[in-house]
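Just work-v3.cif here, mmCIF, C-alpha atoms:
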```cif
data_coords
#
loop_
_atom_site.label_atom_id
_atom_site.label_comp_id
_atom_site.auth_asym_id
_atom_site.auth_seq_id
_atom_site.Cartn_x
_atom_site.Cartn_y
_atom_site.Cartn_z
CA MET A 674 140.86 163.08 24.62
CA THR A 675 138.99 162.44 21.36
CA GLY A 676 135.95 164.44 20.34
CA GLU A 677 133.71 161.44 20.99
CA THR A 678 135.13 160.92 24.50
CA ALA A 679 134.80 164.62 25.31
CA ALA A 680 131.17 164.63 24.17
CA THR A 681 130.45 161.57 26.29
CA ALA A 682 132.06 163.18 29.32
CA THR A 683 129.76 166.23 29.06
CA ALA A 684 126.57 164.36 28.12
CA PRO A 685 123.82 163.94 30.71
CA PRO A 686 123.38 160.43 32.12
CA SER A 687 121.16 158.12 30.11
CA ASP A 688 119.46 156.68 33.19
CA TYR A 689 119.78 156.14 36.93
CA ARG A 690 119.89 153.14 39.21
CA LEU A 691 118.13 152.92 42.56
CA ALA A 692 118.15 150.05 45.07
CA VAL A 693 114.95 149.51 47.06
CA PRO A 694 114.25 146.96 49.80
CA GLU A 695 112.86 143.55 48.97
CA GLY A 696 109.09 143.62 48.80
CA TRP A 697 108.78 147.08 47.23
CA GLU A 698 106.65 146.74 44.10
CA ARG A 699 107.78 148.79 41.07
CA ILE A 700 105.24 150.32 38.70
CA VAL A 701 106.50 151.98 35.52
CA LEU A 702 104.47 155.13 34.91
CA ASP A 703 103.46 154.29 31.37
CA PRO A 704 99.67 154.43 30.74
CA ASP A 705 99.96 151.44 28.42
CA ARG A 706 101.59 149.31 31.11
CA TRP A 707 100.42 150.33 34.56
CA ALA A 708 96.86 148.91 34.58
CA HIS A 709 97.95 145.26 34.39
CA ARG A 710 100.85 145.85 36.78
CA ILE A 711 98.64 147.59 39.36
CA ASP A 712 96.13 144.73 39.28
CA LYS A 713 98.95 142.26 39.99
CA VAL A 714 100.37 144.39 42.81
CA VAL A 715 96.97 144.73 44.49
CA LYS A 716 96.18 141.01 44.21
CA ARG A 717 99.58 140.11 45.66
CA GLY A 718 99.17 142.57 48.51
CA LEU A 719 95.72 141.26 49.47
CA ARG A 720 96.24 137.53 48.97
CA ARG A 721 96.71 136.83 52.69
CA THR A 722 93.75 138.93 53.77
CA GLN A 723 89.98 138.46 53.76
CA ALA A 724 89.49 141.41 51.41
CA GLY A 725 86.66 141.03 48.93
CA PRO A 726 86.40 142.08 45.27
CA GLN A 727 85.02 145.52 46.14
CA LEU A 728 88.03 146.43 48.30
CA GLU A 729 90.40 145.03 45.67
CA ALA A 730 88.74 147.13 42.95
CA ALA A 731 88.77 150.25 45.14
CA LEU A 732 92.48 149.88 45.94
CA ALA A 733 93.35 149.31 42.29
CA GLU A 734 91.35 152.37 41.25
CA ARG A 735 93.02 154.53 43.89
CA MET A 736 96.46 153.33 42.80
CA ARG A 737 95.62 154.09 39.16
CA GLU A 738 94.61 157.62 40.19
CA GLN A 739 97.96 158.00 41.98
CA ALA A 740 99.78 156.73 38.89
CA GLU A 741 97.91 159.15 36.63
CA ALA A 742 98.66 162.12 38.90
CA ALA A 743 102.33 161.18 39.19
CA HIS A 744 102.66 160.69 35.43
CA ALA A 745 101.05 164.08 34.74
CA ASN A 746 103.68 165.72 36.97
CA GLY A 747 106.61 164.06 35.18
CA GLY A 748 106.74 160.85 37.21
CA VAL A 749 108.64 158.00 35.57
CA GLU A 750 108.14 155.20 38.09
CA MET A 751 106.69 154.53 41.50
CA TYR A 752 107.14 151.93 44.19
CA VAL A 753 104.67 150.76 46.82
CA MET A 754 105.29 148.76 49.97
CA ASN A 755 102.49 146.99 51.79
CA GLN A 756 104.00 144.44 54.15
CA VAL A 757 103.48 142.97 57.59
CA LEU A 758 106.61 143.29 59.73
CA GLY A 759 106.11 141.15 62.81
CA GLN A 760 102.45 141.83 63.57
CA VAL A 761 102.45 145.37 62.20
CA PRO A 762 101.16 146.24 58.69
CA VAL A 763 103.49 148.79 57.10
CA SER A 764 102.67 151.00 54.11
CA ALA A 765 104.99 153.35 52.21
CA GLY A 766 105.53 154.69 48.71
CA LEU A 767 108.09 156.29 46.43
CA VAL A 768 107.55 158.28 43.25
CA VAL A 769 110.51 159.19 41.02
CA THR A 770 109.90 162.34 38.98
CA LEU A 771 111.98 164.04 36.29
CA LEU A 772 111.53 167.80 36.63
CA ARG A 773 112.09 170.01 33.59
CA PRO A 774 111.98 173.82 33.50
CA ALA A 775 108.91 175.33 31.91
CA PRO A 776 109.38 176.33 28.26
CA GLY A 777 111.09 179.69 27.96
CA THR A 778 112.48 179.61 31.51
CA GLU A 779 115.84 178.72 32.95
CA ALA A 780 116.29 175.98 35.51
CA GLY A 781 117.12 177.23 38.99
CA ASP A 782 119.90 175.60 40.95
CA LEU A 783 119.42 173.50 44.07
CA GLY A 784 119.83 176.61 46.20
CA ASP A 785 116.77 178.12 44.48
CA ILE A 786 114.79 174.97 45.23
CA ALA A 787 115.83 175.04 48.89
CA ARG A 788 114.90 178.71 49.27
CA SER A 789 111.53 178.19 47.59
CA LEU A 790 110.72 175.23 49.85
CA ALA A 791 111.75 177.15 52.96
CA LEU A 792 109.58 180.13 52.00
CA ARG A 793 106.57 177.87 51.39
CA ALA A 794 106.99 175.93 54.64
CA THR A 795 103.74 176.01 56.60
CA ALA A 796 104.57 173.93 59.67
CA GLU A 797 107.30 173.92 62.31
CA ALA A 798 107.89 170.25 61.56
CA GLU A 799 109.11 171.05 58.04
CA ASP A 800 112.84 170.65 57.57
CA VAL A 801 114.83 171.76 54.49
CA THR A 802 118.54 170.92 54.40
CA PHE A 803 121.39 170.21 52.00
CA VAL A 804 122.89 166.72 52.04
CA ASP A 805 125.79 165.12 50.17
CA LEU A 806 124.92 161.93 48.30
CA ALA A 807 127.16 159.76 46.13
CA PRO A 808 125.75 161.20 42.85
CA GLY A 809 126.09 164.78 44.11
CA PRO A 810 124.58 167.35 46.48
CA ALA A 811 120.87 167.20 47.15
CA VAL A 812 118.10 169.14 48.85
CA ARG A 813 116.30 167.13 51.54
CA HIS A 814 112.77 168.23 52.49
CA ARG A 815 110.94 166.43 55.28
CA TYR A 816 107.40 167.41 56.25
CA VAL A 817 104.04 166.10 57.49
CA ARG A 818 100.66 166.66 55.90
CA ARG A 819 97.51 166.17 57.96
CA PRO A 820 94.15 165.68 56.21
CA ALA A 821 91.42 168.26 56.58
CA PRO A 822 88.60 167.29 58.97
CA ASP A 823 86.17 167.21 56.03
CA ASP A 824 88.47 165.27 53.66
CA SER A 825 86.24 163.96 50.88
CA ASP A 826 88.07 160.60 50.81
CA GLY A 827 87.65 160.08 54.52
CA ASN A 828 91.39 160.18 55.17
CA LYS A 829 92.25 160.41 58.87
CA LEU A 830 95.98 159.65 58.88
CA ALA A 831 98.81 162.15 58.82
CA VAL A 832 101.31 161.40 56.06
CA THR A 833 105.06 161.85 56.57
CA HIS A 834 106.93 162.93 53.41
CA LEU A 835 110.59 163.01 52.48
CA ASP A 836 111.47 164.67 49.17
CA VAL A 837 115.03 164.54 47.82
CA TYR A 838 115.98 166.80 44.88
CA LEU A 839 119.11 166.17 42.80
CA ALA A 840 120.53 167.98 39.77
CA VAL A 841 120.89 165.73 36.72
CA PRO A 842 124.52 166.24 35.61
CA ASN A 843 125.13 168.25 32.42
CA SER A 844 121.46 169.13 32.00
CA ASP A 845 118.80 171.55 33.22
CA GLN A 846 116.72 168.71 34.69
CA ARG A 847 116.21 167.71 38.30
CA LEU A 848 115.40 164.27 39.70
CA LEU A 849 112.94 164.17 42.59
CA LEU A 850 112.57 161.19 44.92
CA SER A 851 109.26 161.55 46.78
CA PHE A 852 108.87 159.14 49.69
CA SER A 853 105.75 158.99 51.87
CA THR A 854 104.17 156.90 54.61
CA PRO A 855 100.97 157.16 56.67
CA MET A 856 102.63 155.13 59.46
CA GLU A 857 103.17 158.02 61.89
CA PRO A 858 104.29 155.82 64.84
CA LEU A 859 107.00 154.34 62.58
CA ALA A 860 107.87 157.58 60.79
CA GLU A 861 111.37 157.97 62.26
CA ALA A 862 112.41 154.44 61.31
CA LEU A 863 110.88 154.70 57.84
CA VAL A 864 112.47 158.09 57.14
CA GLY A 865 115.80 156.47 58.01
CA LEU A 866 114.98 153.77 55.45
CA PHE A 867 114.02 156.41 52.87
CA ASP A 868 117.35 158.20 53.42
CA ALA A 869 119.17 154.89 52.90
CA VAL A 870 117.35 154.29 49.60
CA ALA A 871 118.21 157.81 48.38
CA ARG A 872 121.89 157.12 49.11
CA THR A 873 121.85 154.19 46.66
CA LEU A 874 121.12 156.40 43.64
CA GLN A 875 123.68 156.14 40.83
CA TRP A 876 123.80 157.89 37.45
CA MET A 877 124.23 155.62 34.44
CA ALA A 878 126.31 156.69 31.43
#
```
The structure in this file should be written as structure tokens.
Amino acid sequence: MTGETAATATAPPSDYRLAVPEGWERIVLDPDRWAHRIDKVVKRGLRRTQAGPQLEAALAERMREQAEAAHANGGVEMYVMNQVLGQVPVSAGLVVTLLRPAPGTEAGDLGDIARSLALRATAEAEDVTFVDLAPGPAVRHRYVRRPAPDDSDGNKLAVTHLDVYLAVPNSDQRLLLSFSTPMEPLAEALVGLFDAVARTLQWMA
């Protein structure tokens, strides 16, 4: 094995590949790019509705706030799904985040992540498990968050979350896939879909 080949074999992946269902809209979390993309996504999602300009502007602003928050936490891209399946409107989202250890600290392993999540669990419905995916072992965290009665945004829907943590090979970074949906009656089916998407992840050399 040459020195160059050995270095390549121990280098972290340059990227990842993820397959999402048709109809999921991808937004790169780059402040210079997301405004135009979000406007297009919102217009496409509302084109078959009677929504007026005010609703369109409000949805775009809320999506920009989500993009800003995700980007601030290390998010690199997000996907949104707003479709009508049969007669049922379905909404879901995915944020992909690259987690780095804080300066001066060492990255914990996946076991540390699982223990931390289990200790912070606040509801019986929370579930933290290890799963084996094609790119390697992962921590799977499923939970539900219900809005406070006095939520300032007027949210009334419980949101089902599925977070999947993977170790980036040959690095101290972690990749986090954060799925969510407010469609509680369809949560079981959508979590199955989220699991299927997570299983498509591949590291790229």
Translate the PyMOL selection byres ((chain A and resi 786) around 12), as applied to the file shown, into an explicit residue set as a CSV table (one decimal) with C-alpha atoms, in the frame of the given file.
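As a result, result_36.csv now contains:
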```csv
chain,number,residue,atom,x,y,z
A,772,LEU,CA,111.5,167.8,36.6
A,780,ALA,CA,116.3,176.0,35.5
A,781,GLY,CA,117.1,177.2,39.0
A,782,ASP,CA,119.9,175.6,41.0
A,783,LEU,CA,119.4,173.5,44.1
A,784,GLY,CA,119.8,176.6,46.2
A,785,ASP,CA,116.8,178.1,44.5
A,787,ALA,CA,115.8,175.0,48.9
A,788,ARG,CA,114.9,178.7,49.3
A,789,SER,CA,111.5,178.2,47.6
A,790,LEU,CA,110.7,175.2,49.8
A,791,ALA,CA,111.8,177.2,53.0
A,792,LEU,CA,109.6,180.1,52.0
A,793,ARG,CA,106.6,177.9,51.4
A,801,VAL,CA,114.8,171.8,54.5
A,802,THR,CA,118.5,170.9,54.4
A,803,PHE,CA,121.4,170.2,52.0
A,811,ALA,CA,120.9,167.2,47.2
A,812,VAL,CA,118.1,169.1,48.8
A,813,ARG,CA,116.3,167.1,51.5
A,814,HIS,CA,112.8,168.2,52.5
A,836,ASP,CA,111.5,164.7,49.2
A,837,VAL,CA,115.0,164.5,47.8
A,838,TYR,CA,116.0,166.8,44.9
A,839,LEU,CA,119.1,166.2,42.8
A,840,ALA,CA,120.5,168.0,39.8
A,847,ARG,CA,116.2,167.7,38.3
A,849,LEU,CA,112.9,164.2,42.6
```
Report task. Could you check how far atom CA of A:Thr770 sits from atom CA of A:Val749, in Å to one decimal? Result -> 5.7 Å
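Comparing the minimum interatomic distances between A:Arg735 and each of A:Asp712, A:Arg872, A:Leu830, A:Pro704, counting only C-alpha atoms, we find that A:Asp712 sits nearest.
When atom CA of A:Ile700 is paired with atom CA of A:Leu771, their separation reads 15.5 Å.
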Report task. In Å, rounded to a single decimal, give me how far atom CA of A:Glu861 is from atom CA of A:Arg818. Result -> 15.2 Å
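Residues within 12 Å of A:Leu874, counting only C-alpha atoms and excluding same-chain residues fewer than 4 positions away, are Asp688, Tyr689, Arg690, Leu691, Ala692, Val693, Val769, Asp805, Leu806, Ala807, Pro808, Gly809, Pro810, Ala811, Val837, Tyr838, Leu839, Val841, Leu848, Leu849, Leu850, Phe867, Asp868, Ala869 and Val870 of chain A.
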Create the file for the chosen residues now, containing C-alpha atoms and written as a tab-separated table (two decimals), keeping the file's coordinate frame.
```tsv
chain	number	residue	atom	x	y	z
A	688	ASP	CA	119.46	156.68	33.19
A	689	TYR	CA	119.78	156.14	36.93
A	690	ARG	CA	119.89	153.14	39.21
A	691	LEU	CA	118.13	152.92	42.56
A	692	ALA	CA	118.15	150.05	45.07
A	693	VAL	CA	114.95	149.51	47.06
A	769	VAL	CA	110.51	159.19	41.02
A	805	ASP	CA	125.79	165.12	50.17
A	806	LEU	CA	124.92	161.93	48.30
A	807	ALA	CA	127.16	159.76	46.13
A	808	PRO	CA	125.75	161.20	42.85
A	809	GLY	CA	126.09	164.78	44.11
A	810	PRO	CA	124.58	167.35	46.48
A	811	ALA	CA	120.87	167.20	47.15
A	837	VAL	CA	115.03	164.54	47.82
A	838	TYR	CA	115.98	166.80	44.88
A	839	LEU	CA	119.11	166.17	42.80
A	841	VAL	CA	120.89	165.73	36.72
A	848	LEU	CA	115.40	164.27	39.70
A	849	LEU	CA	112.94	164.17	42.59
A	850	LEU	CA	112.57	161.19	44.92
A	867	PHE	CA	114.02	156.41	52.87
A	868	ASP	CA	117.35	158.20	53.42
A	869	ALA	CA	119.17	154.89	52.90
A	870	VAL	CA	117.35	154.29	49.60
```
What residues come out when you apply the PyMOL selection byres ((chain A and resi 707) around 12) to this file, written as an mmCIF file with C-alpha atoms, in the frame of the given file?
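Saved the output as out.cif:
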```cif
data_model
loop_
_atom_site.group_PDB
_atom_site.id
_atom_site.type_symbol
_atom_site.label_atom_id
_atom_site.label_comp_id
_atom_site.auth_asym_id
_atom_site.auth_seq_id
_atom_site.Cartn_x
_atom_site.Cartn_y
_atom_site.Cartn_z
ATOM 1 C CA GLU A 698 106.650 146.740 44.100
ATOM 2 C CA ARG A 699 107.780 148.790 41.070
ATOM 3 C CA ILE A 700 105.240 150.320 38.700
ATOM 4 C CA VAL A 701 106.500 151.980 35.520
ATOM 5 C CA LEU A 702 104.470 155.130 34.910
ATOM 6 C CA ASP A 703 103.460 154.290 31.370
ATOM 7 C CA PRO A 704 99.670 154.430 30.740
ATOM 8 C CA ASP A 705 99.960 151.440 28.420
ATOM 9 C CA ARG A 706 101.590 149.310 31.110
ATOM 10 C CA ALA A 708 96.860 148.910 34.580
ATOM 11 C CA HIS A 709 97.950 145.260 34.390
ATOM 12 C CA ARG A 710 100.850 145.850 36.780
ATOM 13 C CA ILE A 711 98.640 147.590 39.360
ATOM 14 C CA ASP A 712 96.130 144.730 39.280
ATOM 15 C CA LYS A 713 98.950 142.260 39.990
ATOM 16 C CA VAL A 714 100.370 144.390 42.810
ATOM 17 C CA VAL A 715 96.970 144.730 44.490
ATOM 18 C CA ALA A 733 93.350 149.310 42.290
ATOM 19 C CA GLU A 734 91.350 152.370 41.250
ATOM 20 C CA MET A 736 96.460 153.330 42.800
ATOM 21 C CA ARG A 737 95.620 154.090 39.160
ATOM 22 C CA GLU A 738 94.610 157.620 40.190
ATOM 23 C CA GLN A 739 97.960 158.000 41.980
ATOM 24 C CA ALA A 740 99.780 156.730 38.890
ATOM 25 C CA GLU A 741 97.910 159.150 36.630
ATOM 26 C CA ALA A 743 102.330 161.180 39.190
ATOM 27 C CA HIS A 744 102.660 160.690 35.430
ATOM 28 C CA VAL A 749 108.640 158.000 35.570
ATOM 29 C CA GLU A 750 108.140 155.200 38.090
ATOM 30 C CA MET A 751 106.690 154.530 41.500
ATOM 31 C CA TYR A 752 107.140 151.930 44.190
#
```
Starting from the PyMOL selection byres ((chain A and resi 815) around 6), expand the selection into actual residues of this file and give them as a PDB file with C-alpha atoms, keeping the file's coordinate frame.
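Here's the written file result_37.pdb:
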```pdb
ATOM      1  CA  GLU A 799     109.110 171.050  58.040  1.00  0.00           C
ATOM      2  CA  ASP A 800     112.840 170.650  57.570  1.00  0.00           C
ATOM      3  CA  HIS A 814     112.770 168.230  52.490  1.00  0.00           C
ATOM      4  CA  TYR A 816     107.400 167.410  56.250  1.00  0.00           C
ATOM      5  CA  HIS A 834     106.930 162.930  53.410  1.00  0.00           C
ATOM      6  CA  LEU A 835     110.590 163.010  52.480  1.00  0.00           C
TER       7      LEU A 835
END
```
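The nearest approach to A:Pro776 among the residues A:Leu732, A:Ser851, A:Asp845, A:Thr683, with only C-alpha atoms taken into account, belongs to A:Asp845.
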Report summary line: Counting all atoms listed in the file, the residue among A:Gln875, A:Thr833, A:Ser687, A:Gln727 that lies closest to A:Pro858 is A:Thr833
